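Working notes for the structure below.
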Amino acid sequence: MQKRWNILKSDRETVKALQNALKINETICKILVERKIDDFEKAKNYFRPQLTHLHSPWLMKDMHKAVERISKAIAGNEKILVFGDYDVDGTTSVASMYQFLRKIFPNVDYYIPHRYKEGYGVSKLGIDFAKENGISLIISLDCGIKSVELIAYAKQLGIDFIVCDHHLPDNELPDAVAILNAKQKDCTYPYKELCGCGVGFKLMQALAEHYQLSAESYLQYLDLVATAIAADIVPITGENRVLAFYGLEKVNTNPNAGIKALMHLAALQKQITIGNLVFVIAPRVNAAGRMDDAKKAVQLFIEEDFAKALHYAEMLHSDNSDRKEADSNITEEALAIIEADAVLRNKKTTVVYQEHWHKGVVGIVASRLIEKYYRPTIVLTKSGDYVAGSARSVAGFNLYEAVHACREHLLGYGGHFAAAGMTMQKENVEAFADAFEKVVSETIAPELLIPEIIIDAEVSFTDLTLSFYNIIMQMEPFGPENMRPLFIARKVYNTGFSKIVKEQHVRFSLIQHNKTLIGIGFNMAAKFDLLQMNKPIDVVFTLDMNEWNGEKSLQLKVIDFILSE
């Protein structure tokens, strides 16, 4: 699939001014300016994040109310329930808040809703559990901002709520004692992109100050916060960057026993990066909720004994193996359905449905299908008496609005710009698929159906030195809005030693200006004939370090290449 190349531009004068201030490579200054780091002070804070850069938690709307209600509960020996969602953000939020509160007050319990029995967010079963157990205060984490009716129900039962959430609020807010969410219109908190665990962290920070506890009382959970930041794909900017930076430091020096156990099972021995948390740790944690009960993810994170943590990690590891098998089988079946149907192949959307598909992985399968057919995609399966599914979008297209426009065919739906979920009657599947195709066809810009590669800068092979690479690596942790820089080099030649490896990948050996670099391009064997034409190519890549027999050398991770014009 050919991709669109978008090479970012930046103001030359701003780049030059930054280069004069920093005395580093101009290309790196260009990348910094593209990321809104355009003066010495911003660059210093970016390259040298400090915990002192964290904002005061008291700047968040309702923080005083939240701390006051919790301190009242502790003083009155009330029972407190920490309630969170079943994904990584929710389970890390619950694990950190539960442990923090237990160290100052024993009457604390936690609750994770069952994905299939209770659904997303605050649940009636959870509130009933609280009532049956004499709980009078619920702290909801990574959920609750939209739970207007359920929080009203809890209030009727004499149960107060403190909502810690980061999802976009509706116009009507729940009647909670306190709502901690920087995305509220009247909240002046300076940073708006915290994940749910990050909001919980701010509450712990405020409680620590209120009770005059050491900073370590909440900083010890930074590894869980970093895991949530990575898994929830929030921007690695501002406060999130500081939290992720120090959270990774803790992951690599003194990790939570649960994280350590997952790393052990995944045989992760090198320096852990955000990428490892996203692709290795997060899927194992999410698999608990997808395949079974996510409560064991919290049990993993609160367990202090490594041997016991390993027991829970093995359960998650097993769930993840089941998840991978289901994901692989369903993806294969879905691709076969599309391949066999010429009409389906030529649409601007994909909607596929099979009753027997596991609903815990339909969202993942939708993402897999987008890798092959780049277009808004919905995967549906049977859920009780109804049909339920997950939708995923392509970059730049508002999926939620498209689903909203088809609501007459749905029983319920929810989501955001890039992803959504829905339920419907079985007899409405075809009508919904037709309506979705019509809406998307009429509203999507044609270029959005071609994947885009955003390239930071053009470079020459002679620019690529170890010192250049070392500065790039100081830009870590990488993630949304601070991605690993992508480069383009033009009029590069194959040395003649490039070859196909393992039938689907390409081992590159490329030369430009008398400098040769090796590289790897995954799943690029189909384009190998372009290399054999012995014509110049333009190549898009990130920089990696290759270590062999104690020797270090730069190598390219090739993302795409075309014949030079």
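Identifiers in this document derive from the order of the structure tokens: chains are assigned A, B, ..., residues are numbered from 1 separately in each chain, and ligands are numbered from 1 in order of occurrence.
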Per DSSP on the backbone, filter segment 298-528 of chain A down to the residues in alpha helix (DSSP H) and report them as a PyMOL selection string. chain A and resi 298-302+306-339+342-345+362-372+399-405+429-443+466-473+528
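Proximity to segment 378-385 of chain A at 8 Å, evaluated using only C-alpha atoms and with sequence-adjacent residues fewer than 3 positions away removed, yields Thr350, Val351, Val352, Tyr353, Gln354, Glu355, His356, Trp357, His358, Lys359, Val362, Gly363, Val365, Ala366, Ala388, Gly389, Ser390, Ala391, Arg392 and Gln425 of chain A.
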Excluding Ile274 of chain A and its own-chain neighbours fewer than 5 positions away, which residues fall within 10 Å of it when counting only C-alpha atoms? Please give them as a list in words. Ala226, Thr227, Ile229, Ala230, Ala231, Ile236, Ala244, Phe245, Gly247, Leu248, Phe279, Val280, Ile281, Glu476, Pro477, Phe478 and Gly479 of chain A
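Ranking A:Val285, A:Ile471, A:Leu168, A:Met1 by their shortest atom-to-atom distance to Ala261 of chain A, with only C-alpha atoms included, puts A:Val285 first.
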Env of Ile537 of chain A: 8 Å cut, atoms = only C-alpha atoms, seq-sep filter 4 positions within chain, self excluded. Answer as a list in words. Arg490, Lys491, Val492, Tyr493, Leu531, Phe561, Ile562, Leu563 and Ser564 of chain A
Those residues you just picked out, can you put them in a file as a short mmCIF file (atom, residue, chain, number, x, y, z; two decimals), in the first residue's frame with N, CA and C atoms?
```
data_model
loop_
_atom_site.label_atom_id
_atom_site.label_comp_id
_atom_site.auth_asym_id
_atom_site.auth_seq_id
_atom_site.Cartn_x
_atom_site.Cartn_y
_atom_site.Cartn_z
N ARG A 490 17.49 11.34 0.42
CA ARG A 490 17.15 11.25 -1.00
C ARG A 490 18.34 10.77 -1.84
N LYS A 491 17.99 10.16 -2.97
CA LYS A 491 18.99 9.69 -3.93
C LYS A 491 20.06 8.81 -3.25
N VAL A 492 19.55 7.77 -2.64
CA VAL A 492 20.37 6.76 -1.97
C VAL A 492 20.42 5.55 -2.90
N TYR A 493 21.54 4.83 -2.90
CA TYR A 493 21.69 3.66 -3.79
C TYR A 493 21.84 2.37 -3.00
N LEU A 531 14.73 -2.10 -5.34
CA LEU A 531 16.16 -2.03 -4.98
C LEU A 531 17.03 -2.63 -6.08
N PHE A 561 10.14 3.31 1.21
CA PHE A 561 11.06 3.85 0.21
C PHE A 561 10.40 3.84 -1.16
N ILE A 562 10.82 4.77 -2.01
CA ILE A 562 10.32 4.86 -3.38
C ILE A 562 11.48 5.22 -4.30
N LEU A 563 11.29 5.07 -5.61
CA LEU A 563 12.30 5.53 -6.56
C LEU A 563 12.38 7.05 -6.52
N SER A 564 13.59 7.58 -6.55
CA SER A 564 13.77 9.03 -6.56
C SER A 564 13.22 9.62 -7.85
#
```
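Relative to atom CA of Lys552 of chain A, atom CA of Ile500 of chain A is found at 23.4 Å.
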Polymer residues at most 10 Å from segment 153-156 of chain A, only C-alpha atoms, same-chain spacing of 4 or more positions, as a PyMOL selection string: chain A and resi 124+126-128+130-131+136-138+147-149+160-161+175-177
Compile the contact shell of segment 295-297 of chain A as a CSV table (one decimal) with N, CA and C atoms, in the first residue's frame: residues with an atom at most 7 Å away, counting only C-alpha atoms, same-chain residues fewer than 6 positions apart removed.
```csv
chain,number,residue,atom,x,y,z
A,91,THR,N,-6.8,-0.2,36.0
A,91,THR,CA,-6.2,-1.1,37.0
A,91,THR,C,-4.9,-0.6,37.7
A,112,ILE,N,-13.2,-3.7,40.5
A,112,ILE,CA,-13.0,-3.6,39.1
A,112,ILE,C,-14.3,-4.3,38.4
A,285,VAL,N,-1.7,-7.0,30.5
A,285,VAL,CA,-2.6,-6.5,31.5
A,285,VAL,C,-4.0,-6.3,30.9
A,288,ALA,N,-6.3,-9.5,30.7
A,288,ALA,CA,-7.1,-10.0,31.8
A,288,ALA,C,-8.5,-9.7,31.7
A,312,TYR,N,0.4,-14.3,39.6
A,312,TYR,CA,-0.6,-13.5,38.9
A,312,TYR,C,-0.2,-13.2,37.5
```
Picked from segment 367-480 of chain A by DSSP as strand (DSSP E), as a count of residues only: 30
Which neighbours of Ala43 of chain A fall inside 12 Å, counting only C-alpha atoms, when residues of the same chain fewer than 2 positions from it are skipped, and could you give them as a ChimeraX atom specification? /A:18-19,21-24,28-29,31-33,35-41,45-49,238,474-475
Please build the interface table for segment 49-70 of chain A against segment 200-207 of chain A with a cut-off of 8 Å, listing for each qualifying residue the nearest atom pair and the distance in Å to one decimal; count only C-alpha atoms, order rows by chain and increasing number, and write it as a Markdown table.
```
| residue | atom | partner | partner_atom | distance |
| --- | --- | --- | --- | --- |
| A:Pro57 | CA | A:Lys202 | CA | 5.3 |
| A:Trp58 | CA | A:Ala206 | CA | 6.7 |
| A:Met63 | CA | A:Leu203 | CA | 7.1 |
| A:Ala66 | CA | A:Leu203 | CA | 7.9 |
| A:Val67 | CA | A:Leu207 | CA | 6.2 |
```
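Note that atom CA of Tyr374 of chain A and atom CA of Leu399 of chain A are 13.6 Å apart.
The coordinates place atom CA of Asp529 of chain A at 23.0 Å from atom CA of Asn514 of chain A.
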Could you check the closest approach to Asp305 of chain A for each of A:Asn256, A:Leu335, A:Phe432, A:Asp341 and tell me which residue wins, using only C-alpha atoms? A:Asn256
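Shortest separation to Cys187 of chain A among A:Pro169, A:Ala525, A:Thr462, A:Pro451 occurs at residue A:Pro169, atoms counted being only C-alpha atoms.
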For Phe417 of chain A, the nearest of the candidates A:Arg323, A:His167, A:Lys260, A:Lys3, counting only C-alpha atoms: A:His167
